[in-house]
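Enquirer: Dumping the structure here so I can ask a few things about it.
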Amino acid sequence: MKVYIASDHAGYELKELIKKHFADQFEWQDLGTHSTESVDYPDFAHPLAEKVAQDNELRGVLICGTGNGVAITANKHANVRAALAWNEDIAKLARQHNDANVLVLPARFILPETAFSIIECFFQTPFEGGRHTQRVAKINIR
Ligand code: RB5
């Protein structure tokens, strides 16, 4: 499965660990950043969101220090549902209830092992549909 991934400098190390850990499961499309040199998170979140917004089947993983910067940025794009998750339950519910298509991780607040479990949960969990379908359909305002 092809998955886009991007981070700022705060998320760079976790991004690299994630790519390595899931090298066999996912075909990572790394949109940067490529070092721990300080950068501006929108410069990486916007390009990923543009990719995901174009194709309903595409998924993304965004990482910054808190997760909030990249989540706020990505959610400016229509059809992008970026969900910040710091444990498995939140990741699971983001898929079941919100049909999230971008998983956002707070690199400075979770351990790499937790990030791995969250990713497994996110990608294994389907959207529940039902009553959530009409709610998700109401999210876009443009
Ligand atoms: C970078 O220092 C930090 O502000 C960024 O990674 C993120 O947490 C912003 O929301």
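Each chain in the structure tokens gets a letter, A, B and so on, in the order shown; residues start at 1 in every chain, and ligands are counted from 1 in the order they appear.
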Excluding stretch 74-87 of chain A and any residue of its chain fewer than 6 positions from it, enumerate the residues within 6 Å of it, using only C-alpha atoms, and give them as an mmCIF file with N, CA and C atoms, in the first residue's frame.
Expert:
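Resulting contents of out-v2.cif:
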```
data_model
loop_
_atom_site.group_PDB
_atom_site.id
_atom_site.type_symbol
_atom_site.label_atom_id
_atom_site.label_comp_id
_atom_site.auth_asym_id
_atom_site.auth_seq_id
_atom_site.Cartn_x
_atom_site.Cartn_y
_atom_site.Cartn_z
ATOM 1 N N ALA A 45 3.237 19.823 5.296
ATOM 2 C CA ALA A 45 1.857 19.348 5.463
ATOM 3 C C ALA A 45 1.001 19.659 4.228
ATOM 4 N N HIS A 46 1.187 20.842 3.626
ATOM 5 C CA HIS A 46 0.376 21.186 2.444
ATOM 6 C C HIS A 46 0.604 20.216 1.277
ATOM 7 N N ALA A 49 -1.158 16.955 2.009
ATOM 8 C CA ALA A 49 -2.613 17.109 1.964
ATOM 9 C C ALA A 49 -3.104 17.218 0.520
ATOM 10 N N ALA A 53 -5.895 14.750 -0.948
ATOM 11 C CA ALA A 53 -7.148 15.365 -1.385
ATOM 12 C C ALA A 53 -7.532 14.940 -2.802
ATOM 13 N N ALA A 100 -10.944 9.048 8.863
ATOM 14 C CA ALA A 100 -9.711 9.847 8.718
ATOM 15 C C ALA A 100 -8.829 9.257 7.626
ATOM 16 N N ASN A 101 -8.307 10.137 6.792
ATOM 17 C CA ASN A 101 -7.409 9.659 5.731
ATOM 18 C C ASN A 101 -5.963 10.114 5.945
ATOM 19 N N VAL A 102 -5.739 10.899 6.993
ATOM 20 C CA VAL A 102 -4.371 11.267 7.375
ATOM 21 C C VAL A 102 -4.234 11.053 8.886
ATOM 22 N N LEU A 103 -3.233 10.298 9.251
ATOM 23 C CA LEU A 103 -2.930 10.070 10.666
ATOM 24 C C LEU A 103 -1.855 11.072 11.080
ATOM 25 N N VAL A 104 -2.114 11.768 12.175
ATOM 26 C CA VAL A 104 -1.160 12.758 12.670
ATOM 27 C C VAL A 104 -0.589 12.287 14.006
ATOM 28 N N LEU A 105 0.731 12.332 14.103
ATOM 29 C CA LEU A 105 1.406 11.855 15.317
ATOM 30 C C LEU A 105 2.196 12.985 15.982
ATOM 31 N N ILE A 118 -0.027 2.660 17.036
ATOM 32 C CA ILE A 118 -1.070 3.565 16.528
ATOM 33 C C ILE A 118 -1.217 3.380 15.010
ATOM 34 N N ASN A 140 -16.954 18.945 4.823
ATOM 35 C CA ASN A 140 -16.453 19.905 3.830
ATOM 36 C C ASN A 140 -17.337 21.142 3.760
#
```
Enquirer: Would you mind listing, for every residue of chain A within 10 Å of ligand 1, the two atoms forming the shortest contact and the distance between them in Å to one decimal, using only C-alpha atoms and all ligand atoms, sorted by chain and ascending residue number, as JSON lines?
Expert:
```
{"residue": "A:Ser7", "atom": "CA", "partner": "ligand 1", "partner_atom_place_in_ligand_line": "6 (O)", "distance": 8.2}
{"residue": "A:Asp8", "atom": "CA", "partner": "ligand 1", "partner_atom_place_in_ligand_line": "6 (O)", "distance": 6.0}
{"residue": "A:His9", "atom": "CA", "partner": "ligand 1", "partner_atom_place_in_ligand_line": "6 (O)", "distance": 6.7}
{"residue": "A:Ala10", "atom": "CA", "partner": "ligand 1", "partner_atom_place_in_ligand_line": "6 (O)", "distance": 4.8}
{"residue": "A:Gly11", "atom": "CA", "partner": "ligand 1", "partner_atom_place_in_ligand_line": "6 (O)", "distance": 6.7}
{"residue": "A:Tyr12", "atom": "CA", "partner": "ligand 1", "partner_atom_place_in_ligand_line": "6 (O)", "distance": 9.5}
{"residue": "A:Ser38", "atom": "CA", "partner": "ligand 1", "partner_atom_place_in_ligand_line": "1 (C)", "distance": 7.7}
{"residue": "A:Val39", "atom": "CA", "partner": "ligand 1", "partner_atom_place_in_ligand_line": "1 (C)", "distance": 8.1}
{"residue": "A:Asp40", "atom": "CA", "partner": "ligand 1", "partner_atom_place_in_ligand_line": "1 (C)", "distance": 7.8}
{"residue": "A:Tyr41", "atom": "CA", "partner": "ligand 1", "partner_atom_place_in_ligand_line": "5 (C)", "distance": 6.6}
{"residue": "A:Pro42", "atom": "CA", "partner": "ligand 1", "partner_atom_place_in_ligand_line": "9 (C)", "distance": 9.3}
{"residue": "A:Ile63", "atom": "CA", "partner": "ligand 1", "partner_atom_place_in_ligand_line": "6 (O)", "distance": 7.7}
{"residue": "A:Cys64", "atom": "CA", "partner": "ligand 1", "partner_atom_place_in_ligand_line": "6 (O)", "distance": 3.9}
{"residue": "A:Gly65", "atom": "CA", "partner": "ligand 1", "partner_atom_place_in_ligand_line": "8 (O)", "distance": 3.4}
{"residue": "A:Thr66", "atom": "CA", "partner": "ligand 1", "partner_atom_place_in_ligand_line": "8 (O)", "distance": 3.9}
{"residue": "A:Gly67", "atom": "CA", "partner": "ligand 1", "partner_atom_place_in_ligand_line": "10 (O)", "distance": 5.7}
{"residue": "A:Asn68", "atom": "CA", "partner": "ligand 1", "partner_atom_place_in_ligand_line": "10 (O)", "distance": 4.5}
{"residue": "A:Gly69", "atom": "CA", "partner": "ligand 1", "partner_atom_place_in_ligand_line": "10 (O)", "distance": 3.2}
{"residue": "A:Val70", "atom": "CA", "partner": "ligand 1", "partner_atom_place_in_ligand_line": "10 (O)", "distance": 6.4}
{"residue": "A:Ala71", "atom": "CA", "partner": "ligand 1", "partner_atom_place_in_ligand_line": "10 (O)", "distance": 8.2}
{"residue": "A:Ile72", "atom": "CA", "partner": "ligand 1", "partner_atom_place_in_ligand_line": "10 (O)", "distance": 8.4}
{"residue": "A:Thr73", "atom": "CA", "partner": "ligand 1", "partner_atom_place_in_ligand_line": "10 (O)", "distance": 9.4}
{"residue": "A:Pro106", "atom": "CA", "partner": "ligand 1", "partner_atom_place_in_ligand_line": "8 (O)", "distance": 7.3}
{"residue": "A:Ala107", "atom": "CA", "partner": "ligand 1", "partner_atom_place_in_ligand_line": "6 (O)", "distance": 8.0}
{"residue": "A:Arg108", "atom": "CA", "partner": "ligand 1", "partner_atom_place_in_ligand_line": "8 (O)", "distance": 7.8}
{"residue": "A:Phe109", "atom": "CA", "partner": "ligand 1", "partner_atom_place_in_ligand_line": "8 (O)", "distance": 9.9}
```
Enquirer: May I ask which of the residues A:Lys138, A:Arg131, A:Lys19, A:His97 is the closest one to A:Ile5, counting only C-alpha atoms?
Expert: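 Of all the options, A:Lys19 lies closest to A:Ile5.
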Enquirer: Figure out the distance between atom CA of A:His34 and atom CA of A:Leu48, please, to one decimal in Å.
Expert: 14.6 Å
Enquirer: Just the strand (DSSP E or B) stuff from stretch 37-125 of chain A, please, per backbone DSSP, written as a ChimeraX atom specification.
Expert: /A:59-64,82-84,102-106
Enquirer: Restricting the output to C-alpha atoms, write the selected residues as a short mmCIF file (atom, residue, chain, number, x, y, z; two decimals), in the first residue's frame.
Expert:
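Okay, this is what ended up in part.cif:
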```cif
data_model
loop_
_atom_site.label_atom_id
_atom_site.label_comp_id
_atom_site.auth_asym_id
_atom_site.auth_seq_id
_atom_site.Cartn_x
_atom_site.Cartn_y
_atom_site.Cartn_z
CA ARG A 59 -3.55 7.79 2.95
CA GLY A 60 -1.00 9.95 4.72
CA VAL A 61 0.97 10.16 7.93
CA LEU A 62 2.01 13.59 9.21
CA ILE A 63 4.32 14.23 12.14
CA CYS A 64 5.43 17.33 14.03
CA ALA A 82 -6.37 14.56 9.42
CA ALA A 83 -6.70 13.09 12.90
CA LEU A 84 -4.26 13.60 15.75
CA VAL A 102 -4.37 11.27 7.37
CA LEU A 103 -2.93 10.07 10.67
CA VAL A 104 -1.16 12.76 12.67
CA LEU A 105 1.41 11.85 15.32
CA PRO A 106 2.86 14.08 18.07
#
```
Enquirer: Report, in Å with one decimal, the straight-line distance from atom CA of A:Val3 to atom CA of A:Phe127.
Expert: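 Atom CA of A:Phe127 lies at a distance of 17.5 Å from atom CA of A:Val3.
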Enquirer: Write out as a ChimeraX atom specification all residues of stretch 27-101 of chain A that DSSP puts in helix (DSSP H, G or I) for this structure's backbone.
Expert: /A:42-54,68-74,88-96
Enquirer: Which of these, A:Ile139, A:Pro47, A:Ile90, A:Thr36, has the shortest distance to A:Leu14 once you count only C-alpha atoms?
Expert: A:Thr36
Enquirer: Could you name the residues that touch A:Arg95 at 8 Å or less, counting only C-alpha atoms, but leaving out those on the same chain fewer than 3 positions away, as number ranges by chain?
Expert: A: 91-92, 98-101, 122, 125-128
Enquirer: So what do you get for atom CA of A:Met1 versus atom CA of A:Glu27, distance-wise?
Expert: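 Those two atoms sit 5.7 Å apart.
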Enquirer: Which of these, A:Arg135, A:Glu37, A:Glu57, A:Glu88, has the shortest distance to A:Ile110 once you count only C-alpha atoms?
Expert: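 Answer, going by the shortest atom-to-atom distance: A:Glu88.
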